[in-house]
$ cat entry.cif   # mmCIF, C-alpha atoms, pLDDT in the B column; chains and numbers go by the auth columns
data_entry
loop_
_atom_site.group_PDB
_atom_site.id
_atom_site.type_symbol
_atom_site.label_atom_id
_atom_site.label_comp_id
_atom_site.label_asym_id
_atom_site.label_seq_id
_atom_site.Cartn_x
_atom_site.Cartn_y
_atom_site.Cartn_z
_atom_site.B_iso_or_equiv
_atom_site.auth_seq_id
_atom_site.auth_asym_id
ATOM 1 C CA MET A 1 29.599 9.027 91.381 58.00 590 A
ATOM 2 C CA LYS A 2 31.194 10.149 88.119 58.00 591 A
ATOM 3 C CA TRP A 3 32.439 6.590 87.401 56.00 592 A
ATOM 4 C CA LEU A 4 29.014 5.204 88.205 48.00 593 A
ATOM 5 C CA MET A 5 27.370 7.532 85.678 53.00 594 A
ATOM 6 C CA LYS A 6 29.940 6.654 82.995 54.00 595 A
ATOM 7 C CA GLY A 7 29.454 2.953 83.677 54.00 596 A
ATOM 8 C CA PHE A 8 25.674 3.293 83.497 51.00 597 A
ATOM 9 C CA PHE A 9 25.961 5.235 80.217 51.00 598 A
ATOM 10 C CA LEU A 10 28.222 2.589 78.665 52.00 599 A
ATOM 11 C CA LEU A 11 25.957 -0.220 79.828 50.00 600 A
ATOM 12 C CA THR A 12 22.936 1.573 78.353 49.00 601 A
ATOM 13 C CA LEU A 13 24.727 1.981 75.019 46.00 602 A
ATOM 14 C CA ALA A 14 25.741 -1.682 74.977 45.00 603 A
ATOM 15 C CA VAL A 15 22.185 -2.844 75.702 43.00 604 A
ATOM 16 C CA PHE A 16 20.688 -0.432 73.166 43.00 605 A
ATOM 17 C CA TYR A 17 23.032 -1.349 70.332 47.00 606 A
ATOM 18 C CA GLY A 18 23.089 -5.018 71.273 47.00 607 A
ATOM 19 C CA GLY A 19 19.285 -5.085 71.129 47.00 608 A
ATOM 20 C CA CYS A 20 19.314 -3.702 67.594 58.00 609 A
ATOM 21 C CA SER A 21 21.589 -6.350 66.148 83.00 610 A
ATOM 22 C CA LEU A 22 20.283 -9.287 64.195 87.00 611 A
ATOM 23 C CA SER A 23 20.321 -12.707 65.774 92.00 612 A
ATOM 24 C CA PRO A 24 22.621 -15.260 64.108 93.00 613 A
ATOM 25 C CA ASP A 25 19.563 -16.976 62.577 94.00 614 A
ATOM 26 C CA GLU A 26 18.204 -13.689 61.201 94.00 615 A
ATOM 27 C CA LYS A 27 21.601 -12.810 59.776 94.00 616 A
ATOM 28 C CA ALA A 28 21.943 -16.233 58.096 94.00 617 A
ATOM 29 C CA SER A 29 18.444 -15.888 56.679 96.00 618 A
ATOM 30 C CA ARG A 30 19.232 -12.452 55.253 97.00 619 A
ATOM 31 C CA GLU A 31 22.506 -13.724 53.786 97.00 620 A
ATOM 32 C CA GLN A 32 20.634 -16.493 51.970 97.00 621 A
ATOM 33 C CA ALA A 33 18.005 -14.024 50.758 97.00 622 A
ATOM 34 C CA LEU A 34 20.753 -11.671 49.551 98.00 623 A
ATOM 35 C CA LYS A 35 22.460 -14.431 47.585 98.00 624 A
ATOM 36 C CA GLN A 36 19.166 -15.441 45.942 98.00 625 A
ATOM 37 C CA THR A 37 18.273 -11.839 45.123 98.00 626 A
ATOM 38 C CA VAL A 38 21.704 -11.093 43.635 98.00 627 A
ATOM 39 C CA ASP A 39 21.566 -14.307 41.587 98.00 628 A
ATOM 40 C CA SER A 40 18.168 -13.224 40.197 98.00 629 A
ATOM 41 C CA PHE A 41 19.492 -9.733 39.486 98.00 630 A
ATOM 42 C CA VAL A 42 22.521 -11.148 37.646 98.00 631 A
ATOM 43 C CA ALA A 43 20.332 -13.514 35.605 98.00 632 A
ATOM 44 C CA ASN A 44 18.079 -10.599 34.606 98.00 633 A
ATOM 45 C CA VAL A 45 21.074 -8.484 33.581 98.00 634 A
ATOM 46 C CA ILE A 46 22.634 -11.320 31.533 97.00 635 A
ATOM 47 C CA GLN A 47 19.314 -11.867 29.750 97.00 636 A
ATOM 48 C CA ALA A 48 19.032 -8.081 29.225 96.00 637 A
ATOM 49 C CA ASP A 49 15.707 -8.127 31.072 98.00 638 A
ATOM 50 C CA TRP A 50 16.158 -4.641 32.466 98.00 639 A
ATOM 51 C CA ASN A 51 12.546 -4.274 33.625 98.00 640 A
ATOM 52 C CA ASP A 52 12.859 -7.307 35.924 98.00 641 A
ATOM 53 C CA ALA A 53 16.270 -6.102 37.116 98.00 642 A
ATOM 54 C CA TYR A 54 14.727 -2.688 37.803 98.00 643 A
ATOM 55 C CA ARG A 55 12.077 -4.297 40.037 97.00 644 A
ATOM 56 C CA LEU A 56 14.933 -5.389 42.335 97.00 645 A
ATOM 57 C CA THR A 57 16.107 -1.800 42.917 97.00 646 A
ATOM 58 C CA ASP A 58 15.228 0.495 45.803 95.00 647 A
ATOM 59 C CA GLY A 59 13.767 3.168 43.527 93.00 648 A
ATOM 60 C CA SER A 60 16.950 5.232 43.342 93.00 649 A
ATOM 61 C CA PHE A 61 16.811 4.970 39.534 96.00 650 A
ATOM 62 C CA PRO A 62 13.983 6.723 37.678 96.00 651 A
ATOM 63 C CA ASN A 63 13.519 3.860 35.217 97.00 652 A
ATOM 64 C CA ALA A 64 14.989 0.652 33.778 97.00 653 A
ATOM 65 C CA ASP A 65 16.950 2.525 31.087 97.00 654 A
ATOM 66 C CA ARG A 66 18.856 4.550 33.696 97.00 655 A
ATOM 67 C CA LEU A 67 19.652 1.347 35.577 97.00 656 A
ATOM 68 C CA LYS A 68 20.939 -0.201 32.339 96.00 657 A
ATOM 69 C CA THR A 69 23.122 2.834 31.637 95.00 658 A
ATOM 70 C CA GLN A 70 24.576 2.789 35.154 94.00 659 A
ATOM 71 C CA ILE A 71 25.311 -0.944 35.113 95.00 660 A
ATOM 72 C CA MET A 72 26.797 -1.008 31.599 94.00 661 A
ATOM 73 C CA GLN A 73 28.998 2.098 31.894 91.00 662 A
ATOM 74 C CA SER A 74 32.062 0.125 33.003 87.00 663 A
ATOM 75 C CA TRP A 75 31.576 -2.929 30.803 90.00 664 A
ATOM 76 C CA VAL A 76 33.931 -4.118 28.116 82.00 665 A
ATOM 77 C CA THR A 77 32.866 -2.531 24.840 84.00 666 A
ATOM 78 C CA ASP A 78 32.056 -4.751 21.863 89.00 667 A
ATOM 79 C CA ALA A 79 31.831 -7.841 24.068 94.00 668 A
ATOM 80 C CA THR A 80 28.908 -9.982 25.142 95.00 669 A
ATOM 81 C CA LEU A 81 28.133 -10.499 28.810 96.00 670 A
ATOM 82 C CA THR A 82 28.036 -14.245 29.391 96.00 671 A
ATOM 83 C CA ASN A 83 28.093 -14.698 33.160 97.00 672 A
ATOM 84 C CA GLY A 84 28.117 -13.037 36.552 97.00 673 A
ATOM 85 C CA ASP A 85 29.259 -14.646 39.787 97.00 674 A
ATOM 86 C CA ILE A 86 29.250 -13.490 43.384 98.00 675 A
ATOM 87 C CA ALA A 87 32.884 -13.110 44.409 97.00 676 A
ATOM 88 C CA SER A 88 32.197 -11.926 47.974 97.00 677 A
ATOM 89 C CA MET A 89 29.563 -10.462 50.261 97.00 678 A
ATOM 90 C CA ALA A 90 30.182 -8.200 53.255 96.00 679 A
ATOM 91 C CA TRP A 91 27.929 -6.631 55.853 96.00 680 A
ATOM 92 C CA VAL A 92 28.067 -2.856 56.217 96.00 681 A
ATOM 93 C CA SER A 93 25.249 -2.794 58.773 95.00 682 A
ATOM 94 C CA ASP A 94 22.226 -4.947 59.629 95.00 683 A
ATOM 95 C CA GLU A 95 20.370 -3.399 56.671 96.00 684 A
ATOM 96 C CA THR A 96 23.186 -2.841 54.179 97.00 685 A
ATOM 97 C CA ALA A 97 25.569 -5.206 52.409 98.00 686 A
ATOM 98 C CA LYS A 98 28.188 -4.925 49.687 98.00 687 A
ATOM 99 C CA VAL A 99 28.371 -7.628 47.043 98.00 688 A
ATOM 100 C CA LYS A 100 31.348 -8.000 44.733 97.00 689 A
ATOM 101 C CA LEU A 101 30.457 -9.498 41.356 97.00 690 A
ATOM 102 C CA THR A 102 32.728 -10.888 38.688 97.00 691 A
ATOM 103 C CA TRP A 103 31.264 -10.295 35.239 96.00 692 A
ATOM 104 C CA THR A 104 32.459 -12.501 32.367 97.00 693 A
ATOM 105 C CA PHE A 105 32.513 -11.178 28.801 97.00 694 A
ATOM 106 C CA GLN A 106 33.187 -12.890 25.484 96.00 695 A
ATOM 107 C CA SER A 107 34.449 -11.194 22.334 95.00 696 A
ATOM 108 C CA GLY A 108 35.309 -13.710 19.642 94.00 697 A
ATOM 109 C CA SER A 109 37.791 -16.113 21.201 95.00 698 A
ATOM 110 C CA VAL A 110 38.781 -13.651 23.934 94.00 699 A
ATOM 111 C CA GLN A 111 37.230 -13.943 27.371 95.00 700 A
ATOM 112 C CA SER A 112 37.562 -11.056 29.819 95.00 701 A
ATOM 113 C CA PHE A 113 36.502 -10.378 33.378 94.00 702 A
ATOM 114 C CA SER A 114 35.451 -7.342 35.348 93.00 703 A
ATOM 115 C CA ASN A 115 34.911 -7.019 39.111 95.00 704 A
ATOM 116 C CA GLU A 116 32.475 -4.536 40.563 95.00 705 A
ATOM 117 C CA THR A 117 31.069 -3.971 44.027 96.00 706 A
ATOM 118 C CA PHE A 118 27.419 -3.093 44.503 97.00 707 A
ATOM 119 C CA VAL A 119 25.434 -1.926 47.527 97.00 708 A
ATOM 120 C CA TRP A 120 22.243 -3.738 48.552 98.00 709 A
ATOM 121 C CA ARG A 121 19.789 -2.503 51.185 98.00 710 A
ATOM 122 C CA TRP A 122 17.293 -4.520 53.239 97.00 711 A
ATOM 123 C CA THR A 123 13.944 -2.785 52.674 95.00 712 A
ATOM 124 C CA GLY A 124 10.771 -4.191 54.191 91.00 713 A
ATOM 125 C CA ASN A 125 11.224 -7.932 53.757 93.00 714 A
ATOM 126 C CA SER A 126 13.676 -8.092 50.869 97.00 715 A
ATOM 127 C CA TRP A 127 16.997 -6.887 49.497 98.00 716 A
ATOM 128 C CA LYS A 128 16.999 -4.022 46.999 98.00 717 A
ATOM 129 C CA TYR A 129 19.802 -2.900 44.682 98.00 718 A
ATOM 130 C CA ARG A 130 21.067 0.538 45.697 96.00 719 A
ATOM 131 C CA GLY A 131 23.886 1.162 43.230 95.00 720 A
ATOM 132 C CA ARG A 132 27.594 0.829 42.621 93.00 721 A
ATOM 133 C CA ALA A 133 29.792 1.064 45.698 92.00 722 A
ATOM 134 C CA ILE A 134 32.360 3.797 45.995 81.00 723 A
ATOM 135 C CA ARG A 135 35.526 2.042 47.019 64.00 724 A
#
$ encode --input "entry.cif" --output "structure tokens"
Amino acid sequence: MKWLMKGFFLLTLAVFYGGCSLSPDEKASREQALKQTVDSFVANVIQADWNDAYRLTDGSFPNADRLKTQIMQSWVTDATLTNGDIASMAWVSDETAKVKLTWTFQSGSVQSFSNETFVWRWTGNSWKYRGRAIR
């Protein structure tokens, strides 16, 4: 009887958690949406359009200036941001993903790079920027 109860409990957990997972099509769709959203976010940051970048956040920043301060705090000083590319994307859960970006900076004839990982959260029907990931 004890083994039967344990087996039933494990089966219930498997069905419950299995039912909450995304289907492969849903996951692929969210991956594509994440890539598009991150590309838009990067373009806004490169163009210093902080208000549009702020619209892609989950509201964890009080305003666009705080977002700008948080994003720029680790940047190369006295250099111009010229590009940002997605280096990798990883699922944390069905609603959370980490995206590693490679920022490119130019200062005179010197080009430098910086990698950062950011957390994105699926909210409603879209991805929203949550903040910098703690490694």
$ residues_around --input "entry.cif" --residues "stretch 650-665 of chain A" --least-positions-apart "2" --cutoff "6 Å" --atoms "all atoms listed in the file" --output "JSON, numbers by chain"
{"A": [639, 640, 643, 648, 668]}
$ closest_residue --input "entry.cif" --among "A:Asp683, A:Asp628, A:Ala637, A:Thr669" --to "A:Ser612" --atoms "only C-alpha atoms"
A:Asp683
$ atom_distance --input "entry.cif" --atom1 "atom CA of A:Ala676" --atom2 "atom CA of A:Lys717"
18.5 Å
$ residues_around --input "entry.cif" --residues "A:Asp647" --least-positions-apart "2" --cutoff "7 Å" --atoms "all atoms listed in the file" --output "VMD selection string"
chain A and resid 645 649 717 to 719
$ write_last_selection --input "entry.cif" --atoms "C-alpha atoms" --output "short mmCIF file (atom, residue, chain, number, x, y, z; two decimals), in the frame of the given file"
data_model
loop_
_atom_site.label_atom_id
_atom_site.label_comp_id
_atom_site.auth_asym_id
_atom_site.auth_seq_id
_atom_site.Cartn_x
_atom_site.Cartn_y
_atom_site.Cartn_z
CA LEU A 645 14.93 -5.39 42.34
CA SER A 649 16.95 5.23 43.34
CA LYS A 717 17.00 -4.02 47.00
CA TYR A 718 19.80 -2.90 44.68
CA ARG A 719 21.07 0.54 45.70
#
$ resolve_selection --input "entry.cif" --expression "the PyMOL selection byres ((chain A and resi 707) around 10)" --output "ChimeraX atom specification"
/A:627,660,678,686-690,705-706,708-709,718-724
$ resolve_selection --input "entry.cif" --expression "the PyMOL selection byres ((chain A and resi 674) around 6)" --output "compact mmCIF listing (two decimals) with C-alpha atoms, in the frame of the given file"
# COMPACT_ATOMS: atom_id res chain seq x y z
CA GLY A 673 28.12 -13.04 36.55
CA ILE A 675 29.25 -13.49 43.38
CA LEU A 690 30.46 -9.50 41.36
CA THR A 691 32.73 -10.89 38.69
$ atom_distance --input "entry.cif" --atom1 "atom CA of A:Ala632" --atom2 "atom CA of A:Asp614"
27.2 Å
$ atom_distance --input "entry.cif" --atom1 "atom CA of A:Gln621" --atom2 "atom CA of A:Ile635"
21.2 Å
$ axis_aligned_box --input "entry.cif" --around "stretch 620-631 of chain A" --padding-each-side "5 Å" --output "AutoDock Vina command-line options"
--center_x 20.3 --center_y -13.1 --center_z 45.7 --size_x 14.5 --size_y 16.8 --size_z 26.1
